[in-house]
Amino acid sequence: MRILQTLICLCAFLGFHLIQAQDTFADNFQSVSYANSDGSELFLGNWVETGESTSASGGRIRVTSNQLRFVNIDSRYITRNLDLSAYTDVTLTLDYNRTNGDENIDVQLFNGSSYSSVAVLSGSGSLSYDLDISEISANSGIRFATASGNWGNSETVFIDNVLFTAQVPDQPPLVVGSGNQIYCPGGSLPVAQSITITDPDDTTTTAVYIQISGGYVNGEDLLTLTGSHPNITSSWDVVQGELTLQGPATYSEFEAAVLATEFSSSSPNPSGSRQFSITVGEANFLPNTGHYYEFVSDPGISWTDAEIAAGNRTYFGWQGYLVTLTSQEEADFSGQQASGFGWIGANDVAVEGEWRWVTGPEAGTQFWSGSVGGTELTYANWNGGEPNNCCGGEDYAHIADASVIRGGAPVGAWNDLPNGGGGGAYASQGYVVEYGGMVGDPPLNITATTTLNISDCRVITNRRITYRVSGN
């Protein structure tokens, strides 16, 4: 008997877009007090005046008419501190109104060691300011001081509705699944036998992505949602081998949908390997690396800008970087199923012909020496006739558009291009981000992997007994 046995690895990506919870620190000055705290969280203390006695009811800085009033302040100022260490995204908003004169107020924020100006309030209006990461600490602070010359006795500015809106970081879910089954050609089989999703701060999500990430055969393999799921619809992406389960719905509803998702192949003799990796999040998961991959469409972006943009991305706390492709499986996955013809984290800028990974955990590793026909030192996936340093200099690596693949190279092979990309089919289309392997990445358990083994399952019949035989 000829045995066709494969690991069917199916990457189920439970992608979600959740509205993060918010905490607020606010003072609407509704009472004549420097201790007002109208948000969900408390400030570290009261407003503190410098240059005059701290009193909300008297002096040149005071609370009156449900606003914070400034008159003839000159060198006087007022500050308040708050703990923002639990947050990554914080926005400051406030309203201001100058009722007399031409003086301005300077809005300053504390960065842990000193105050710096972030806005000047001139006239009347509203302010919205997104805090820089350096301004977010356990002892952040806000200060209002003069931003102009000598104040007259009647020159007056009011400030109201001081509000810090802080996004509570989303906690990653925990995904646990099981399944080790045999798939018989011509049939269909669920991708998992059990699945549970627990999340410390969420009970719902908007979408689940189930992707065949290992051994996917385009045009033959298929994922199908079976049964009735009133709050979930499905759509199949034949290029990525990905089934989208679209909500929003509860995690329990998505668990039921994952269990009702079945794999089938139109081939009479399917072969290869597939694993089912059930993952909360949109990025594509490759089981053999334990990393996540994401193509970001940004037509026309340069390599240097893409490197910065990738480094600014995070995935459940994991640091992003331009992808480093160190095996054929990883290169095929990123080039074909991550759907990206974009920049990758390699160049030969330092020394012509010395191609190195310059991003991620492999930063500094040389993988190729020379130009066309050069020496592969670790692993390379150049397109036919590449790297050729064409047309005045090409020092940056880019996954090639399928239309320019040549010389028997696989879809997802690489070109060398100038920093800004080329024209036509050689134009920059975006970049591929990889997450995983970086120092400081927190523990992450958002993926469960199950297995299907393909067997020919031939039926042998004698006069009395019918046997179903699984290949070995």
# chains A, B, ... in the order shown; residues from 1 in each chain; ligands from 1
call {"tool": "residues_around", "arguments": {"residues": "segment 414-431 of chain A", "least_positions_apart": "2", "cutoff": "7 Å", "atoms": "only C-alpha atoms", "output": "number ranges by chain"}}
result
A: 295-304, 306, 341-344, 381-383, 386-387, 389, 393-401, 412, 433
call {"tool": "residues_around", "arguments": {"residues": "segment 220-225 of chain A", "least_positions_apart": "6", "cutoff": "7 Å", "atoms": "only C-alpha atoms", "output": "MDAnalysis selection string"}}
result
chainID A and resid 234 243 257 260:267
call {"tool": "closest_residue", "arguments": {"among": "A:Ala207, A:Met438, A:Ala346, A:Ile405", "to": "Gly317 of chain A", "atoms": "only C-alpha atoms"}}
result
A:Met438
call {"tool": "residues_around", "arguments": {"residues": "Phe25 of chain A", "least_positions_apart": "3", "cutoff": "8 Å", "atoms": "only C-alpha atoms", "output": "list in words"}}
result
Ser37, Asp38, Gly39, Ser40, Glu41, Leu42, Phe43, Leu82, Leu163, Phe164 and Thr165 of chain A
call {"tool": "residues_around", "arguments": {"residues": "Gly360 of chain A", "least_positions_apart": "6", "cutoff": "10 Å", "atoms": "only C-alpha atoms", "output": "PyMOL selection string"}}
result
chain A and resi 311+319-324+345+433-439
call {"tool": "select_by_dssp", "arguments": {"residues": "segment 108-352 of chain A", "states": "strand (DSSP E)", "output": "short mmCIF file (atom, residue, chain, number, x, y, z; two decimals) with N, CA, C and O atoms, in the first residue's frame"}}
result
data_model
loop_
_atom_site.label_atom_id
_atom_site.label_comp_id
_atom_site.auth_asym_id
_atom_site.auth_seq_id
_atom_site.Cartn_x
_atom_site.Cartn_y
_atom_site.Cartn_z
N GLN A 108 2.65 72.71 29.95
CA GLN A 108 3.89 71.95 30.07
C GLN A 108 3.60 70.58 30.68
O GLN A 108 2.72 70.44 31.53
N LEU A 109 4.37 69.58 30.23
CA LEU A 109 4.24 68.22 30.77
C LEU A 109 5.58 67.77 31.34
O LEU A 109 6.65 68.12 30.83
N PHE A 110 5.50 66.97 32.39
CA PHE A 110 6.68 66.46 33.08
C PHE A 110 7.11 65.14 32.45
O PHE A 110 6.30 64.23 32.27
N TYR A 115 10.05 69.69 33.12
CA TYR A 115 8.87 70.07 32.36
C TYR A 115 9.28 70.65 31.01
O TYR A 115 10.31 71.33 30.88
N SER A 116 8.46 70.39 29.99
CA SER A 116 8.68 70.97 28.66
C SER A 116 7.35 71.40 28.08
O SER A 116 6.31 70.80 28.37
N SER A 117 7.38 72.43 27.25
CA SER A 117 6.16 72.98 26.67
C SER A 117 5.63 72.07 25.57
O SER A 117 6.38 71.58 24.72
N VAL A 118 4.30 71.82 25.60
CA VAL A 118 3.68 71.02 24.55
C VAL A 118 2.63 71.81 23.77
O VAL A 118 2.22 71.38 22.69
N ALA A 119 2.21 72.97 24.31
CA ALA A 119 1.22 73.78 23.61
C ALA A 119 1.18 75.16 24.24
O ALA A 119 1.48 75.33 25.42
N VAL A 120 0.81 76.14 23.43
CA VAL A 120 0.58 77.52 23.90
C VAL A 120 -0.88 77.85 23.63
O VAL A 120 -1.35 77.74 22.49
N LEU A 121 -1.59 78.26 24.69
CA LEU A 121 -3.00 78.59 24.57
C LEU A 121 -3.14 80.08 24.29
O LEU A 121 -2.83 80.91 25.14
N SER A 124 -9.08 81.68 22.38
CA SER A 124 -10.05 80.74 22.94
C SER A 124 -10.14 79.51 22.05
O SER A 124 -9.95 79.60 20.83
N GLY A 125 -10.44 78.36 22.64
CA GLY A 125 -10.56 77.14 21.85
C GLY A 125 -10.40 75.91 22.70
O GLY A 125 -10.61 75.92 23.90
N SER A 126 -9.98 74.80 22.05
CA SER A 126 -9.78 73.52 22.71
C SER A 126 -8.44 72.96 22.30
O SER A 126 -7.94 73.21 21.19
N LEU A 127 -7.84 72.18 23.19
CA LEU A 127 -6.55 71.54 22.95
C LEU A 127 -6.72 70.03 23.01
O LEU A 127 -7.41 69.51 23.89
N SER A 128 -6.08 69.32 22.09
CA SER A 128 -5.97 67.88 22.15
C SER A 128 -4.52 67.52 21.84
O SER A 128 -3.99 67.89 20.79
N TYR A 129 -3.88 66.80 22.76
CA TYR A 129 -2.46 66.49 22.62
C TYR A 129 -2.22 65.04 23.02
O TYR A 129 -2.61 64.62 24.12
N ASP A 130 -1.57 64.26 22.14
CA ASP A 130 -1.20 62.88 22.43
C ASP A 130 0.17 62.86 23.08
O ASP A 130 1.16 63.31 22.50
N SER A 140 4.00 61.46 36.21
CA SER A 140 3.76 62.46 35.17
C SER A 140 3.15 63.70 35.79
O SER A 140 2.62 63.66 36.92
N GLY A 141 3.23 64.81 35.08
CA GLY A 141 2.67 66.04 35.63
C GLY A 141 2.27 67.01 34.55
O GLY A 141 2.74 66.93 33.41
N ILE A 142 1.38 67.94 34.91
CA ILE A 142 0.96 69.00 34.01
C ILE A 142 1.17 70.33 34.73
O ILE A 142 0.95 70.44 35.94
N ARG A 143 1.60 71.34 33.98
CA ARG A 143 1.85 72.67 34.54
C ARG A 143 1.27 73.72 33.60
O ARG A 143 1.41 73.60 32.38
N PHE A 144 0.63 74.73 34.19
CA PHE A 144 0.17 75.90 33.46
C PHE A 144 0.99 77.10 33.93
O PHE A 144 1.01 77.41 35.13
N ALA A 145 1.68 77.76 32.99
CA ALA A 145 2.51 78.92 33.30
C ALA A 145 2.32 79.95 32.20
O ALA A 145 1.68 79.69 31.18
N THR A 146 2.91 81.13 32.38
CA THR A 146 2.79 82.15 31.36
C THR A 146 3.65 81.82 30.14
O THR A 146 4.73 81.25 30.27
N THR A 156 -6.98 88.27 31.49
CA THR A 156 -7.56 87.08 32.10
C THR A 156 -7.67 85.93 31.10
O THR A 156 -8.09 86.12 29.96
N VAL A 157 -7.30 84.71 31.56
CA VAL A 157 -7.47 83.48 30.78
C VAL A 157 -8.12 82.44 31.68
O VAL A 157 -7.75 82.30 32.86
N PHE A 158 -9.09 81.72 31.13
CA PHE A 158 -9.75 80.63 31.85
C PHE A 158 -9.39 79.29 31.19
O PHE A 158 -9.31 79.19 29.96
N ILE A 159 -9.21 78.26 32.04
CA ILE A 159 -9.01 76.88 31.56
C ILE A 159 -10.06 76.01 32.22
O ILE A 159 -10.37 76.17 33.41
N ASP A 160 -10.59 75.05 31.45
CA ASP A 160 -11.65 74.19 31.97
C ASP A 160 -11.53 72.79 31.36
O ASP A 160 -10.86 72.59 30.33
N ASN A 161 -12.19 71.83 32.01
CA ASN A 161 -12.32 70.46 31.49
C ASN A 161 -10.97 69.82 31.16
O ASN A 161 -10.77 69.28 30.07
N VAL A 162 -10.06 69.87 32.13
CA VAL A 162 -8.76 69.21 31.96
C VAL A 162 -8.98 67.71 32.06
O VAL A 162 -9.48 67.20 33.07
N LEU A 163 -8.60 66.98 31.01
CA LEU A 163 -8.90 65.55 30.93
C LEU A 163 -7.74 64.78 30.32
O LEU A 163 -7.28 65.10 29.22
N PHE A 164 -7.24 63.78 31.05
CA PHE A 164 -6.29 62.81 30.50
C PHE A 164 -7.07 61.53 30.25
O PHE A 164 -7.61 60.91 31.17
N THR A 165 -7.12 61.10 28.97
CA THR A 165 -7.78 59.85 28.60
C THR A 165 -6.70 58.81 28.34
O THR A 165 -5.88 58.98 27.43
N ALA A 166 -6.67 57.76 29.14
CA ALA A 166 -5.60 56.76 29.09
C ALA A 166 -6.17 55.41 28.66
O ALA A 166 -7.12 54.91 29.27
N GLN A 167 -5.59 54.84 27.60
CA GLN A 167 -6.03 53.54 27.11
C GLN A 167 -5.42 52.43 27.96
O GLN A 167 -4.21 52.37 28.15
N LEU A 174 -5.78 33.50 26.26
CA LEU A 174 -5.12 32.20 26.30
C LEU A 174 -5.94 31.22 25.47
O LEU A 174 -7.14 31.08 25.69
N VAL A 175 -5.27 30.58 24.52
CA VAL A 175 -5.96 29.66 23.61
C VAL A 175 -5.41 28.25 23.85
O VAL A 175 -4.21 28.03 23.81
N VAL A 176 -6.32 27.31 24.10
CA VAL A 176 -5.94 25.91 24.31
C VAL A 176 -6.80 25.04 23.41
O VAL A 176 -8.03 25.17 23.40
N GLY A 177 -6.17 24.19 22.63
CA GLY A 177 -6.92 23.32 21.72
C GLY A 177 -6.29 21.94 21.65
O GLY A 177 -5.16 21.72 22.09
N SER A 178 -7.04 21.01 21.09
CA SER A 178 -6.52 19.66 20.91
C SER A 178 -7.09 19.08 19.63
O SER A 178 -8.11 19.53 19.10
N ASN A 180 -5.86 15.37 17.02
CA ASN A 180 -4.88 14.58 16.28
C ASN A 180 -5.66 13.52 15.53
O ASN A 180 -5.93 12.45 16.05
N GLN A 181 -6.03 13.82 14.30
CA GLN A 181 -6.99 13.00 13.57
C GLN A 181 -6.41 12.54 12.23
O GLN A 181 -5.38 13.04 11.77
N ILE A 182 -7.11 11.62 11.62
CA ILE A 182 -6.73 11.12 10.29
C ILE A 182 -7.74 11.64 9.28
O ILE A 182 -8.95 11.50 9.46
N TYR A 183 -7.22 12.22 8.21
CA TYR A 183 -8.08 12.73 7.14
C TYR A 183 -8.05 11.77 5.96
O TYR A 183 -6.98 11.39 5.47
N SER A 188 -14.32 15.34 4.58
CA SER A 188 -14.01 16.56 5.30
C SER A 188 -13.92 16.24 6.77
O SER A 188 -14.52 15.26 7.25
N LEU A 189 -13.16 17.06 7.51
CA LEU A 189 -12.92 16.77 8.91
C LEU A 189 -12.73 18.08 9.66
O LEU A 189 -12.09 19.01 9.15
N PRO A 190 -13.26 18.20 10.89
CA PRO A 190 -13.06 19.42 11.67
C PRO A 190 -11.59 19.69 11.92
O PRO A 190 -10.79 18.76 12.09
N SER A 194 -11.14 20.09 20.22
CA SER A 194 -11.54 20.93 21.35
C SER A 194 -10.83 22.27 21.23
O SER A 194 -9.75 22.37 20.64
N ILE A 195 -11.45 23.31 21.78
CA ILE A 195 -10.86 24.64 21.75
C ILE A 195 -11.48 25.47 22.87
O ILE A 195 -12.69 25.46 23.06
N THR A 196 -10.64 26.13 23.65
CA THR A 196 -11.13 27.07 24.65
C THR A 196 -10.32 28.36 24.54
O THR A 196 -9.11 28.32 24.30
N ILE A 197 -11.02 29.47 24.70
CA ILE A 197 -10.39 30.79 24.66
C ILE A 197 -10.78 31.52 25.94
O ILE A 197 -11.96 31.74 26.19
N THR A 198 -9.80 31.85 26.75
CA THR A 198 -10.05 32.63 27.96
C THR A 198 -9.29 33.94 27.87
O THR A 198 -8.18 34.00 27.33
N THR A 204 -15.61 39.16 24.13
CA THR A 204 -16.02 39.17 22.72
C THR A 204 -14.85 39.56 21.83
O THR A 204 -13.83 40.11 22.30
N THR A 205 -14.99 39.29 20.56
CA THR A 205 -14.04 39.74 19.55
C THR A 205 -14.81 39.92 18.25
O THR A 205 -15.99 39.54 18.15
N THR A 206 -14.16 40.49 17.25
CA THR A 206 -14.87 40.80 16.01
C THR A 206 -14.65 39.80 14.90
O THR A 206 -15.48 39.70 14.00
N ALA A 207 -13.53 39.06 14.94
CA ALA A 207 -13.27 38.14 13.83
C ALA A 207 -12.30 37.05 14.25
O ALA A 207 -11.49 37.23 15.15
N VAL A 208 -12.39 35.92 13.58
CA VAL A 208 -11.47 34.80 13.73
C VAL A 208 -10.95 34.46 12.35
O VAL A 208 -11.72 34.33 11.41
N TYR A 209 -9.62 34.31 12.25
CA TYR A 209 -9.01 33.97 10.97
C TYR A 209 -8.39 32.58 11.08
O TYR A 209 -7.54 32.33 11.93
N ILE A 210 -8.84 31.65 10.25
CA ILE A 210 -8.32 30.28 10.27
C ILE A 210 -7.52 30.08 9.00
O ILE A 210 -8.07 30.07 7.91
N GLN A 211 -6.21 29.92 9.14
CA GLN A 211 -5.33 29.86 7.98
C GLN A 211 -4.59 28.54 7.89
O GLN A 211 -4.10 28.02 8.89
N ASP A 221 -6.99 22.77 -1.42
CA ASP A 221 -7.37 22.79 -0.01
C ASP A 221 -8.46 23.82 0.24
O ASP A 221 -8.48 24.88 -0.38
N LEU A 222 -9.33 23.51 1.18
CA LEU A 222 -10.46 24.39 1.45
C LEU A 222 -10.86 24.27 2.92
O LEU A 222 -10.85 23.18 3.49
N LEU A 223 -11.23 25.40 3.50
CA LEU A 223 -11.82 25.44 4.84
C LEU A 223 -13.26 25.93 4.70
O LEU A 223 -13.52 26.91 3.99
N THR A 224 -14.16 25.27 5.41
CA THR A 224 -15.58 25.58 5.30
C THR A 224 -16.20 25.62 6.69
O THR A 224 -16.00 24.71 7.50
N LEU A 225 -16.98 26.67 6.95
CA LEU A 225 -17.75 26.74 8.19
C LEU A 225 -19.06 26.01 7.98
O LEU A 225 -19.83 26.32 7.07
N THR A 233 -20.33 35.15 10.17
CA THR A 233 -20.31 34.83 8.75
C THR A 233 -18.88 34.45 8.36
O THR A 233 -17.92 34.80 9.05
N SER A 234 -18.75 33.72 7.24
CA SER A 234 -17.42 33.25 6.84
C SER A 234 -17.10 33.69 5.42
O SER A 234 -18.00 33.85 4.59
N SER A 235 -15.80 33.87 5.14
CA SER A 235 -15.33 34.14 3.78
C SER A 235 -13.96 33.50 3.60
O SER A 235 -13.15 33.47 4.52
N TRP A 236 -13.71 32.97 2.41
CA TRP A 236 -12.50 32.20 2.12
C TRP A 236 -11.57 33.00 1.23
O TRP A 236 -11.97 33.52 0.18
N ASP A 237 -10.29 33.12 1.61
CA ASP A 237 -9.25 33.78 0.82
C ASP A 237 -8.36 32.69 0.25
O ASP A 237 -7.56 32.08 0.96
N GLU A 242 -6.97 31.16 3.84
CA GLU A 242 -7.46 31.67 5.10
C GLU A 242 -8.97 31.82 5.08
O GLU A 242 -9.54 32.39 4.16
N LEU A 243 -9.60 31.31 6.13
CA LEU A 243 -11.03 31.48 6.32
C LEU A 243 -11.26 32.53 7.40
O LEU A 243 -10.76 32.41 8.51
N THR A 244 -12.01 33.57 7.07
CA THR A 244 -12.36 34.60 8.04
C THR A 244 -13.73 34.30 8.61
O THR A 244 -14.70 34.14 7.87
N LEU A 245 -13.79 34.20 9.93
CA LEU A 245 -15.05 34.09 10.65
C LEU A 245 -15.35 35.46 11.23
O LEU A 245 -14.67 35.91 12.15
N GLN A 246 -16.34 36.13 10.68
CA GLN A 246 -16.60 37.53 11.00
C GLN A 246 -17.74 37.67 12.00
O GLN A 246 -18.84 37.15 11.79
N GLY A 247 -17.50 38.38 13.08
CA GLY A 247 -18.51 38.66 14.10
C GLY A 247 -19.03 40.08 13.97
O GLY A 247 -19.32 40.50 12.85
N PRO A 248 -19.18 40.79 15.10
CA PRO A 248 -18.68 40.43 16.41
C PRO A 248 -19.50 39.33 17.07
O PRO A 248 -20.68 39.18 16.79
N ALA A 249 -18.83 38.60 17.95
CA ALA A 249 -19.49 37.52 18.67
C ALA A 249 -18.70 37.23 19.93
O ALA A 249 -17.57 37.70 20.10
N THR A 250 -19.29 36.47 20.81
CA THR A 250 -18.59 36.10 22.04
C THR A 250 -17.53 35.05 21.74
O THR A 250 -17.57 34.36 20.71
N THR A 261 -15.59 24.28 11.84
CA THR A 261 -14.83 24.55 10.63
C THR A 261 -14.14 23.27 10.16
O THR A 261 -13.43 22.62 10.94
N GLU A 262 -14.35 22.91 8.90
CA GLU A 262 -13.83 21.64 8.39
C GLU A 262 -12.85 21.84 7.25
O GLU A 262 -12.99 22.77 6.45
N PHE A 263 -11.87 20.96 7.21
CA PHE A 263 -10.89 20.93 6.12
C PHE A 263 -11.31 19.89 5.09
O PHE A 263 -11.78 18.81 5.44
N SER A 264 -11.10 20.22 3.82
CA SER A 264 -11.30 19.24 2.75
C SER A 264 -10.33 19.55 1.64
O SER A 264 -9.79 20.65 1.53
N SER A 265 -10.11 18.56 0.79
CA SER A 265 -9.24 18.72 -0.37
C SER A 265 -9.94 18.14 -1.59
O SER A 265 -10.51 17.05 -1.51
N ARG A 274 -0.02 19.75 6.96
CA ARG A 274 -0.83 20.88 7.41
C ARG A 274 -1.00 20.78 8.92
O ARG A 274 -1.32 19.71 9.42
N GLN A 275 -0.80 21.86 9.64
CA GLN A 275 -1.11 21.91 11.07
C GLN A 275 -2.18 22.98 11.28
O GLN A 275 -2.24 23.96 10.54
N PHE A 276 -2.98 22.78 12.31
CA PHE A 276 -4.02 23.74 12.65
C PHE A 276 -3.55 24.55 13.86
O PHE A 276 -3.48 24.00 14.96
N SER A 277 -3.25 25.82 13.65
CA SER A 277 -2.80 26.66 14.75
C SER A 277 -3.87 27.71 15.02
O SER A 277 -4.11 28.58 14.19
N ILE A 278 -4.50 27.62 16.16
CA ILE A 278 -5.63 28.49 16.48
C ILE A 278 -5.10 29.67 17.30
O ILE A 278 -4.63 29.50 18.42
N THR A 279 -5.19 30.86 16.72
CA THR A 279 -4.51 32.01 17.28
C THR A 279 -5.44 33.20 17.36
O THR A 279 -6.12 33.53 16.40
N VAL A 280 -5.45 33.87 18.50
CA VAL A 280 -6.19 35.12 18.63
C VAL A 280 -5.30 36.24 18.12
O VAL A 280 -4.23 36.48 18.65
N ASN A 284 -0.31 36.34 10.84
CA ASN A 284 -0.20 34.94 10.45
C ASN A 284 0.86 34.24 11.31
O ASN A 284 1.96 34.76 11.50
N PHE A 285 0.53 33.06 11.78
CA PHE A 285 1.41 32.31 12.67
C PHE A 285 2.05 31.15 11.93
O PHE A 285 1.38 30.39 11.24
N LEU A 286 3.38 31.01 12.08
CA LEU A 286 4.10 29.89 11.49
C LEU A 286 4.58 28.98 12.63
O LEU A 286 5.45 29.37 13.41
N HIS A 291 6.70 32.35 15.36
CA HIS A 291 6.63 33.79 15.13
C HIS A 291 5.37 34.14 14.35
O HIS A 291 4.72 33.28 13.75
N TYR A 292 5.07 35.43 14.33
CA TYR A 292 3.90 35.97 13.64
C TYR A 292 4.37 36.91 12.53
O TYR A 292 5.39 37.60 12.66
N TYR A 293 3.58 36.94 11.43
CA TYR A 293 3.97 37.68 10.24
C TYR A 293 2.79 38.49 9.75
O TYR A 293 1.65 38.01 9.72
N GLU A 294 3.09 39.70 9.30
CA GLU A 294 2.02 40.61 8.88
C GLU A 294 2.51 41.46 7.72
O GLU A 294 3.54 42.13 7.82
N PHE A 295 1.78 41.45 6.62
CA PHE A 295 2.09 42.34 5.51
C PHE A 295 1.34 43.65 5.69
O PHE A 295 0.13 43.65 5.92
N VAL A 296 2.06 44.76 5.61
CA VAL A 296 1.47 46.09 5.75
C VAL A 296 1.53 46.77 4.38
O VAL A 296 2.61 47.04 3.85
N SER A 297 0.38 47.01 3.80
CA SER A 297 0.32 47.67 2.49
C SER A 297 0.62 49.15 2.65
O SER A 297 -0.04 49.86 3.42
N THR A 314 3.81 46.76 17.38
CA THR A 314 3.87 45.71 18.39
C THR A 314 2.67 44.79 18.22
O THR A 314 1.66 45.16 17.62
N TYR A 315 2.81 43.59 18.76
CA TYR A 315 1.75 42.58 18.66
C TYR A 315 1.63 41.90 20.00
O TYR A 315 2.47 41.08 20.37
N TRP A 318 4.78 42.07 21.74
CA TRP A 318 5.98 41.63 21.01
C TRP A 318 6.43 42.72 20.05
O TRP A 318 5.61 43.32 19.35
N GLN A 319 7.74 42.94 19.98
CA GLN A 319 8.33 43.99 19.16
C GLN A 319 8.35 43.58 17.69
O GLN A 319 8.77 42.48 17.34
N GLY A 320 7.92 44.49 16.82
CA GLY A 320 7.95 44.23 15.39
C GLY A 320 9.27 44.61 14.76
O GLY A 320 10.02 45.44 15.29
N TYR A 321 9.58 44.01 13.62
CA TYR A 321 10.77 44.36 12.84
C TYR A 321 10.56 43.87 11.41
O TYR A 321 9.73 42.97 11.16
N LEU A 322 11.28 44.47 10.45
CA LEU A 322 11.22 43.97 9.08
C LEU A 322 11.64 42.51 9.08
O LEU A 322 12.65 42.13 9.67
N TRP A 343 9.09 45.10 1.38
CA TRP A 343 10.45 45.14 1.91
C TRP A 343 10.66 44.09 2.99
O TRP A 343 9.76 43.78 3.77
N ILE A 344 11.89 43.54 3.03
CA ILE A 344 12.31 42.64 4.10
C ILE A 344 13.57 43.22 4.72
O ILE A 344 14.18 44.15 4.19
N GLY A 345 14.01 42.65 5.86
CA GLY A 345 15.04 43.29 6.67
C GLY A 345 16.46 43.02 6.27
O GLY A 345 17.30 42.74 7.14
N ALA A 346 16.79 43.11 4.98
CA ALA A 346 18.15 42.83 4.52
C ALA A 346 18.64 43.96 3.61
O ALA A 346 17.87 44.54 2.85
N ASN A 347 19.96 44.24 3.68
CA ASN A 347 20.60 45.15 2.72
C ASN A 347 22.09 44.87 2.66
O ASN A 347 22.64 44.13 3.47
#
call {"tool": "select_by_dssp", "arguments": {"residues": "segment 334-385 of chain A", "states": "helix (DSSP H, G or I)", "output": "list in words"}}
result
Ser334, Gly335, Gln336 and Gln337 of chain A
call {"tool": "closest_residue", "arguments": {"among": "A:Thr378, A:Gln30, A:Asn72, A:Asn97", "to": "Ala56 of chain A", "atoms": "only C-alpha atoms"}}
result
A:Gln30
call {"tool": "atom_distance", "arguments": {"atom1": "atom CA of Leu94 of chain A", "atom2": "atom CA of Ser113 of chain A"}}
result
23.9 Å
call {"tool": "atom_distance", "arguments": {"atom1": "atom CA of Asp199 of chain A", "atom2": "atom CA of Glu282 of chain A"}}
result
16.3 Å
call {"tool": "closest_residue", "arguments": {"among": "A:Thr326, A:Asn218, A:Asn111, A:Asn445", "to": "Gly241 of chain A", "atoms": "only C-alpha atoms"}}
result
A:Asn218
